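Taking it in order: structure first as structure tokens, then the write-up.
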Amino acid sequence: MRVRFEQVDSPEKEEALIRAQIKSDDIKAAIEILEGNQRKIPLIKDGNNVFIDVSALYYIESVDKKSFVYTKQNCYETRLRLYELEETLGAYFLRVSKSMIVNLRKIKGVKSDISGRMEATLLNDEKIVISRSYVKEIKRRLDI
């Protein structure tokens, strides 16, 4: 892939253009980096609406038809369903079970389980289980 850089004389003229055949995971990641990962999603905490940076999210879990978003220290509720979040969160988020999406940037380490599943340890030392059917994709995405 060719990369070109052109210096401009003012911030108003700054822009990035990516030309590709498909919007692959690598392209999505590049777009996220260029956008500064400043996207926010609406969440609910104690009945109040709050907006949290996508980069602060550790994982999202669905329990009893409700979706909960976890950051380093807090848990929020969201009205969005997992499939809606999966479409909008970006390339660094990956489904690891039918009821969970994880932020790949928040994974400290992974280890295999006897049953074919994996256990991931997050940066806040919380552990999550990766279902067997998602192990192949997470290994690919983490280059292991």
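Residue numbering restarts at 1 in every chain; chains get A, B, ... in the order shown in the structure tokens, and ligands count up from 1 in that same order.
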
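Taking the backbone of this structure through DSSP, the residues of chain A that come out as alpha helix (DSSP H) are A:Asp25, A:Asp26, A:Ile27, A:Lys28, A:Ala29, A:Ala30, A:Ile31, A:Glu32, A:Ile33, A:Leu34, A:Leu82, A:Tyr83, A:Glu84, A:Leu85, A:Glu86, A:Glu87, A:Thr88, A:Leu89, A:Arg132, A:Ser133, A:Tyr134, A:Val135, A:Lys136, A:Glu137, A:Ile138, A:Lys139, A:Arg140, A:Arg141.
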
Any chance you can output those residues with N, CA and C atoms as a CSV table (one decimal), in the first residue's frame?
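The file below, again22.csv, is the result:
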chain,number,residue,atom,x,y,z
A,25,ASP,N,-10.7,-4.9,8.6
A,25,ASP,CA,-10.5,-4.5,10.0
A,25,ASP,C,-9.3,-3.6,10.1
A,26,ASP,N,-8.3,-3.7,9.3
A,26,ASP,CA,-7.1,-2.8,9.3
A,26,ASP,C,-7.5,-1.4,8.9
A,27,ILE,N,-8.3,-1.3,7.9
A,27,ILE,CA,-8.8,0.0,7.4
A,27,ILE,C,-9.7,0.7,8.5
A,28,LYS,N,-10.6,-0.1,9.1
A,28,LYS,CA,-11.4,0.4,10.2
A,28,LYS,C,-10.5,0.9,11.4
A,29,ALA,N,-9.5,0.1,11.7
A,29,ALA,CA,-8.5,0.6,12.7
A,29,ALA,C,-7.8,1.9,12.4
A,30,ALA,N,-7.4,2.0,11.1
A,30,ALA,CA,-6.8,3.2,10.7
A,30,ALA,C,-7.7,4.4,10.8
A,31,ILE,N,-9.0,4.2,10.4
A,31,ILE,CA,-10.0,5.3,10.5
A,31,ILE,C,-10.2,5.7,12.0
A,32,GLU,N,-10.2,4.7,12.8
A,32,GLU,CA,-10.4,5.0,14.3
A,32,GLU,C,-9.2,5.8,14.8
A,33,ILE,N,-8.0,5.4,14.4
A,33,ILE,CA,-6.8,6.2,14.8
A,33,ILE,C,-6.9,7.6,14.3
A,34,LEU,N,-7.2,7.8,13.0
A,34,LEU,CA,-7.3,9.1,12.5
A,34,LEU,C,-8.3,10.0,13.1
A,82,LEU,N,-26.6,-5.6,21.7
A,82,LEU,CA,-25.2,-6.0,21.3
A,82,LEU,C,-24.9,-5.9,19.8
A,83,TYR,N,-25.9,-6.4,19.0
A,83,TYR,CA,-25.6,-6.3,17.6
A,83,TYR,C,-25.5,-4.8,17.1
A,84,GLU,N,-26.2,-3.9,17.7
A,84,GLU,CA,-26.1,-2.5,17.3
A,84,GLU,C,-24.8,-1.9,17.8
A,85,LEU,N,-24.3,-2.3,19.0
A,85,LEU,CA,-23.0,-1.9,19.5
A,85,LEU,C,-21.9,-2.4,18.6
A,86,GLU,N,-22.0,-3.7,18.3
A,86,GLU,CA,-21.0,-4.4,17.5
A,86,GLU,C,-20.8,-3.6,16.1
A,87,GLU,N,-21.9,-3.1,15.6
A,87,GLU,CA,-21.8,-2.4,14.3
A,87,GLU,C,-21.1,-1.0,14.4
A,88,THR,N,-21.3,-0.4,15.6
A,88,THR,CA,-20.9,1.0,15.7
A,88,THR,C,-19.6,1.2,16.5
A,89,LEU,N,-19.1,0.2,17.3
A,89,LEU,CA,-18.0,0.4,18.1
A,89,LEU,C,-16.6,0.5,17.4
A,132,ARG,N,-15.9,-21.2,22.7
A,132,ARG,CA,-15.1,-21.9,21.8
A,132,ARG,C,-15.3,-21.4,20.3
A,133,SER,N,-16.5,-21.1,20.0
A,133,SER,CA,-16.8,-20.7,18.6
A,133,SER,C,-16.2,-19.3,18.2
A,134,TYR,N,-15.7,-18.6,19.2
A,134,TYR,CA,-15.0,-17.3,18.9
A,134,TYR,C,-13.5,-17.3,19.1
A,135,VAL,N,-13.0,-18.5,19.6
A,135,VAL,CA,-11.6,-18.6,19.9
A,135,VAL,C,-10.7,-18.4,18.6
A,136,LYS,N,-11.1,-19.0,17.5
A,136,LYS,CA,-10.3,-18.8,16.3
A,136,LYS,C,-10.1,-17.4,15.9
A,137,GLU,N,-11.2,-16.6,15.9
A,137,GLU,CA,-11.2,-15.2,15.5
A,137,GLU,C,-10.4,-14.4,16.5
A,138,ILE,N,-10.5,-14.6,17.8
A,138,ILE,CA,-9.7,-13.8,18.7
A,138,ILE,C,-8.2,-14.1,18.6
A,139,LYS,N,-7.9,-15.4,18.3
A,139,LYS,CA,-6.5,-15.7,18.1
A,139,LYS,C,-5.9,-15.0,16.9
A,140,ARG,N,-6.7,-14.9,15.8
A,140,ARG,CA,-6.3,-14.2,14.6
A,140,ARG,C,-6.1,-12.8,14.9
A,141,ARG,N,-7.1,-12.2,15.6
A,141,ARG,CA,-7.0,-10.7,15.8
A,141,ARG,C,-5.9,-10.3,16.8

Segment 16-143 of chain A: residues DSSP assigns to strand (DSSP E or B), reported as a PyMOL selection string: chain A and resi 40-45+48-53+59-63+66-70+75-78+93-97+100-103+107-112+118-122+127-130

Write out as a PDB file with C-alpha atoms, in the first residue's frame the residues lying within 12 Å of segment 110-114 of chain A, counting only C-alpha atoms and excluding same-chain residues fewer than 4 positions away.
ATOM      1  CA  LEU A 104      -9.175  -5.913  22.288  1.00  0.00           C
ATOM      2  CA  LYS A 106      -8.058  -3.804  27.114  1.00  0.00           C
ATOM      3  CA  MET A 118     -10.184 -19.248  26.495  1.00  0.00           C
ATOM      4  CA  GLU A 119      -9.970 -16.974  29.472  1.00  0.00           C
ATOM      5  CA  ALA A 120      -8.938 -13.369  28.938  1.00  0.00           C
ATOM      6  CA  THR A 121      -7.535 -11.179  31.684  1.00  0.00           C
ATOM      7  CA  LEU A 122      -8.307  -7.499  31.184  1.00  0.00           C
ATOM      8  CA  LEU A 123      -6.141  -4.542  32.213  1.00  0.00           C
ATOM      9  CA  ASP A 125      -7.515  -7.789  36.239  1.00  0.00           C
ATOM     10  CA  GLU A 126     -11.080  -8.858  35.554  1.00  0.00           C
ATOM     11  CA  LYS A 127     -11.396 -12.218  33.823  1.00  0.00           C
ATOM     12  CA  ILE A 128     -13.836 -13.033  31.017  1.00  0.00           C
ATOM     13  CA  VAL A 129     -14.547 -16.278  29.171  1.00  0.00           C
ATOM     14  CA  ILE A 130     -14.216 -16.542  25.402  1.00  0.00           C
ATOM     15  CA  SER A 131     -16.557 -19.151  23.923  1.00  0.00           C
ATOM     16  CA  ARG A 132     -15.141 -21.947  21.763  1.00  0.00           C
ATOM     17  CA  VAL A 135     -11.550 -18.575  19.893  1.00  0.00           C
ATOM     18  CA  LYS A 136     -10.280 -18.840  16.306  1.00  0.00           C
ATOM     19  CA  ILE A 138      -9.703 -13.804  18.717  1.00  0.00           C
ATOM     20  CA  LYS A 139      -6.462 -15.705  18.097  1.00  0.00           C
ATOM     21  CA  LEU A 142      -4.450 -10.956  18.622  1.00  0.00           C
ATOM     22  CA  ASP A 143      -1.879 -12.631  16.324  1.00  0.00           C
ATOM     23  CA  ILE A 144      -1.482 -15.721  18.534  1.00  0.00           C
TER      24      ILE A 144
END

Shell around Pro42 of chain A at 7 Å using only C-alpha atoms, local window under 5 positions removed, as a list in words: Asn49, Val50, Phe51 and Ile52 of chain A

Interatomic distance, atom CA of Tyr70 of chain A to atom CA of Leu57 of chain A (Å, one decimal):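 Separating atom CA of Tyr70 of chain A from atom CA of Leu57 of chain A is a distance of 6.1 Å.
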